[in-house]
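Asks: structure-v5.cif is reproduced in full below (mmCIF, C-alpha atoms).
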```cif
data_final
#
loop_
_atom_site.label_atom_id
_atom_site.label_comp_id
_atom_site.auth_asym_id
_atom_site.auth_seq_id
_atom_site.Cartn_x
_atom_site.Cartn_y
_atom_site.Cartn_z
CA MET A 2 -13.65 14.86 -5.80
CA THR A 3 -10.02 14.55 -4.77
CA ALA A 4 -9.09 11.46 -2.81
CA ASP A 5 -5.90 10.18 -1.25
CA LEU A 6 -4.54 7.54 -3.59
CA ALA A 7 -2.15 6.06 -1.04
CA GLY A 8 -2.80 4.37 2.26
CA PRO A 9 -5.97 4.31 4.32
CA GLY A 10 -7.45 7.44 2.71
CA GLN A 11 -7.93 5.86 -0.70
CA PRO A 12 -11.47 5.25 -2.00
CA HIS A 13 -13.42 2.63 -0.07
CA PRO A 14 -15.64 0.62 -2.44
CA ALA A 15 -19.33 0.73 -1.51
CA GLY A 16 -20.38 -2.38 0.40
CA TRP A 17 -16.82 -3.51 1.10
CA ARG A 18 -15.43 -3.96 4.62
CA ALA A 19 -12.38 -2.36 6.12
CA HIS A 20 -10.25 -5.17 7.52
CA THR A 21 -7.26 -4.99 9.87
CA HIS A 22 -5.02 -7.95 10.58
CA VAL A 23 -2.50 -7.64 13.42
CA HIS A 24 0.24 -10.19 14.06
CA ARG A 25 2.54 -10.00 17.10
CA PHE A 26 5.61 -12.06 17.89
CA THR A 27 8.91 -11.88 19.74
CA VAL A 28 12.35 -12.38 18.24
CA ALA A 29 15.28 -13.32 20.48
CA ALA A 30 17.53 -10.62 19.06
CA PRO A 31 18.25 -6.98 19.84
CA ARG A 32 15.95 -4.42 18.30
CA GLU A 33 18.79 -2.97 16.19
CA ARG A 34 19.35 -6.33 14.49
CA VAL A 35 15.63 -6.88 13.83
CA TRP A 36 15.26 -3.31 12.51
CA ALA A 37 18.30 -3.70 10.24
CA TRP A 38 16.81 -6.90 8.80
CA LEU A 39 13.38 -5.29 8.26
CA CYS A 40 14.98 -2.29 6.53
CA ASP A 41 17.35 -4.17 4.27
CA PRO A 42 15.91 -4.33 0.73
CA ALA A 43 17.72 -7.66 0.23
CA THR A 44 15.49 -9.17 2.92
CA PHE A 45 12.62 -8.81 0.47
CA THR A 46 14.27 -8.78 -2.96
CA ASP A 47 16.67 -11.72 -2.59
CA THR A 48 14.25 -14.18 -1.05
CA GLN A 49 11.35 -14.09 -3.49
CA VAL A 50 10.34 -17.29 -5.21
CA GLY A 51 9.75 -16.73 -8.92
CA PRO A 52 7.64 -15.43 -10.50
CA PHE A 53 7.08 -13.11 -7.50
CA ARG A 54 9.32 -10.09 -7.10
CA VAL A 55 9.84 -7.04 -4.88
CA GLU A 56 11.38 -3.87 -6.30
CA PHE A 57 12.42 -0.54 -4.75
CA LEU A 58 12.63 2.59 -6.90
CA GLY A 59 14.93 5.30 -5.65
CA GLY A 60 16.70 3.61 -2.80
CA GLY A 61 16.13 1.43 0.21
CA PHE A 62 13.86 2.09 3.15
CA GLU A 63 13.45 5.87 3.19
CA THR A 64 10.34 8.01 3.27
CA GLY A 65 9.05 8.58 -0.25
CA VAL A 66 10.69 5.53 -1.84
CA LEU A 67 8.36 3.69 -4.21
CA THR A 68 8.13 -0.07 -4.00
CA THR A 69 6.16 -2.80 -5.66
CA HIS A 70 5.56 -6.46 -4.84
CA HIS A 71 4.18 -8.31 -7.81
CA GLY A 72 3.49 -11.72 -9.24
CA PRO A 73 0.52 -13.82 -10.32
CA LEU A 74 -2.65 -12.51 -8.64
CA LEU A 75 -0.61 -9.89 -6.77
CA HIS A 76 0.08 -6.22 -7.48
CA LEU A 77 1.15 -4.14 -4.45
CA PRO A 78 2.68 -0.81 -5.48
CA GLY A 79 3.34 1.43 -2.50
CA VAL A 80 5.20 4.38 -1.08
CA LEU A 81 7.13 4.36 2.18
CA GLY A 82 5.57 6.82 4.60
CA GLU A 83 6.63 7.65 8.14
CA ILE A 84 9.75 5.90 9.40
CA ARG A 85 11.02 6.23 12.97
CA ASP A 86 14.42 4.59 13.22
CA GLY A 87 14.33 1.39 15.22
CA GLU A 88 10.63 1.51 16.05
CA TYR A 89 8.13 2.16 13.23
CA ARG A 90 7.77 1.80 9.47
CA ASP A 91 4.73 2.62 7.34
CA LEU A 92 4.16 1.36 3.80
CA GLN A 93 1.11 2.89 2.14
CA TYR A 94 -0.19 0.92 -0.82
CA LEU A 95 -1.28 2.92 -3.83
CA TYR A 96 -4.72 2.89 -5.41
CA GLY A 97 -4.79 -0.08 -7.77
CA ALA A 98 -3.02 -2.43 -5.36
CA PHE A 99 -4.66 -5.83 -5.10
CA ALA A 100 -4.26 -9.42 -3.98
CA VAL A 101 -6.12 -12.11 -5.94
CA SER A 102 -8.24 -9.52 -7.79
CA PHE A 103 -8.90 -5.78 -7.69
CA ARG A 104 -12.56 -6.78 -7.35
CA LEU A 105 -11.92 -8.76 -4.12
CA LEU A 106 -8.99 -7.43 -2.05
CA ARG A 107 -7.32 -4.04 -1.94
CA PRO A 108 -4.55 -3.74 0.67
CA THR A 109 -4.08 -0.14 1.78
CA ARG A 110 -1.31 -0.11 4.40
CA LEU A 111 1.36 -2.25 6.09
CA GLN A 112 2.89 -1.04 9.37
CA PHE A 113 5.66 -2.49 11.53
CA ARG A 114 6.20 -1.50 15.17
CA LEU A 115 9.17 -2.69 17.23
CA ASN A 116 9.64 -2.54 21.00
CA ASP A 117 11.93 -4.16 23.52
CA ALA A 118 10.30 -7.42 24.56
CA ALA A 119 9.15 -7.42 28.18
CA ASP A 120 9.16 -11.22 28.33
CA ALA A 121 12.53 -11.90 26.66
CA PRO A 122 15.84 -10.38 27.71
CA ALA A 123 17.56 -8.83 24.69
CA GLY A 124 14.47 -9.68 22.66
CA THR A 125 12.34 -7.61 20.32
CA ALA A 126 8.56 -7.47 20.18
CA VAL A 127 7.34 -7.10 16.61
CA GLU A 128 3.83 -5.99 15.72
CA LEU A 129 2.74 -5.81 12.13
CA GLN A 130 -0.59 -4.52 10.91
CA ILE A 131 -2.02 -4.83 7.43
CA ASP A 132 -5.15 -2.92 6.47
CA ALA A 133 -7.29 -3.68 3.43
CA HIS A 134 -10.62 -3.08 1.79
CA VAL A 135 -12.21 -6.50 1.34
CA ARG A 136 -15.35 -7.64 -0.44
CA PRO A 137 -17.44 -9.31 2.32
CA VAL A 138 -17.56 -12.69 0.57
CA PHE A 139 -13.75 -12.86 0.80
CA LEU A 140 -13.26 -11.80 4.45
CA ARG A 141 -12.71 -15.31 5.85
CA PRO A 142 -10.31 -16.50 3.14
CA TRP A 143 -8.37 -13.23 3.46
CA GLU A 144 -8.08 -13.56 7.24
CA LEU A 145 -6.94 -17.19 6.94
CA ALA A 146 -4.37 -16.25 4.29
CA GLN A 147 -3.04 -13.45 6.52
CA ARG A 148 -2.68 -15.76 9.53
CA LEU A 149 -0.77 -18.32 7.47
CA PHE A 150 1.44 -15.83 5.62
CA TRP A 151 2.46 -13.81 8.68
CA ARG A 152 3.19 -16.97 10.72
CA ARG A 153 5.60 -17.93 7.98
CA PHE A 154 7.06 -14.40 8.06
CA GLU A 155 7.53 -14.77 11.83
CA THR A 156 9.46 -18.02 11.34
CA TRP A 157 11.55 -16.42 8.61
CA ALA A 158 12.34 -13.43 10.84
CA ARG A 159 13.42 -15.65 13.71
CA ARG A 160 15.63 -17.81 11.52
CA SER A 161 17.23 -14.75 9.99
CA VAL A 162 18.03 -12.65 13.05
CA GLU A 163 17.90 -14.55 16.33
CA VAL A 164 21.14 -14.30 18.29
CA SER A 165 21.40 -18.05 18.88
CA ARG A 166 21.39 -18.59 15.11
CA GLN A 167 24.09 -16.04 14.28
CA PRO A 168 27.60 -17.32 13.46
CA THR A 169 30.15 -16.78 16.20
#
```
Would you encode the structure as structure tokens?
Replies:
Amino acid sequence: MTADLAGPGQPHPAGWRAHTHVHRFTVAAPRERVWAWLCDPATFTDTQVGPFRVEFLGGGFETGVLTTHHGPLLHLPGVLGEIRDGEYRDLQYLYGAFAVSFRLLRPTRLQFRLNDAADAPAGTAVELQIDAHVRPVFLRPWELAQRLFWRRFETWARRSVEVSRQPT
């Protein structure tokens, strides 16, 4: 049997649940600025608190670049998939990726979508989606962790790129 070893096509453990978490928010900054921040490796490599680390092998944010986010209880190797400049980025986690334990949580994909915000002039609507295979006993803790983590990411994004916070 040949299986995809990256992204959503990787083996789904028997009895586990497919889980999708979506987080949406608006940033008061032009899409180009938000996109540049999301596609700057320094956004992820320079802000990690030890012993966590993010690494990119072979460049920045380009299709085919390998990346890994690792630290205690975390191993997220991935490959950048489809990228549409200014609007979409796909990171497909490789088989063996896990959070907490390979026996509990296996993230498979992280996607970012950007659009002009309808409710904020010169603003950007950000939608991120993370997919994972999750052992049923860990569904609630995983969902709670995702809500907390991505709210913090939202705050970090706003502080980093909002127009009102940029030096003049």
Asks: List every protein, DNA or RNA residue that has an atom no more than 12 Å from (10.4, 3.2, 12.4) in the file's coordinate frame, counting only C-alpha atoms, and report them as a VMD selection string.
Replies: chain A and resid 32 to 33 35 to 37 39 to 40 62 to 64 81 to 92 112 to 116 127 to 129
Asks: What lies within 12 Å of Glu155 (chain A) using all atoms listed in the file, ignoring chain neighbours under 3 positions off, as a list in words?
Replies: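 Within the cut-off, the hits are His24, Arg25, Phe26, Thr27, Val28, Ala29, Val35, Leu39, Ala126, Val127, Glu128, Leu129, Gln147, Arg148, Leu149, Phe150, Trp151, Arg152, Ala158, Arg159, Arg160, Ser161, Val162 and Glu163 of chain A.
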Asks: What is the distance between CA of His13 (chain A) and CA of Gly79 (chain A), in Å to one decimal?
Replies: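 Spanning CA of His13 (chain A) to CA of Gly79 (chain A) is a straight-line distance of 17.0 Å.
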Asks: Can you work out which one of A:Gly16, A:Gly8, A:Gly72, A:Gly51 has the shortest atom-to-atom distance to Ala133 (chain A), counting all atoms listed in the file?
Replies: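 Using all atoms listed in the file, the shortest distance to Ala133 (chain A) belongs to A:Gly8.
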Asks: Compare A:Ala19, A:Val80, A:Val101, A:Leu6 by their minimum atom-to-atom distance to His134 (chain A), counting all atoms listed in the file, and give me the closest one.
Replies: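 Checking each of A:Ala19, A:Val80, A:Val101, A:Leu6 against His134 (chain A), counting all atoms listed in the file, the winner is A:Ala19.
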Asks: Can you measure CA of Ala30 (chain A) to CA of Pro42 (chain A) for me? One decimal in Å is fine.
Replies: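 A separation of 19.4 Å between them.
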Asks: Using Å and a single decimal, report how far CA of Arg104 (chain A) sits from CA of Phe53 (chain A).
Replies: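 Rounded to one decimal, the two atoms are 20.6 Å apart.
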Asks: Could you check the closest approach to Arg107 (chain A) for each of A:Gln93, A:Ala119, A:Ala7, A:Val135 and tell me which residue wins, using only C-alpha atoms?
Replies: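 Of all the options, A:Val135 lies closest to Arg107 (chain A).
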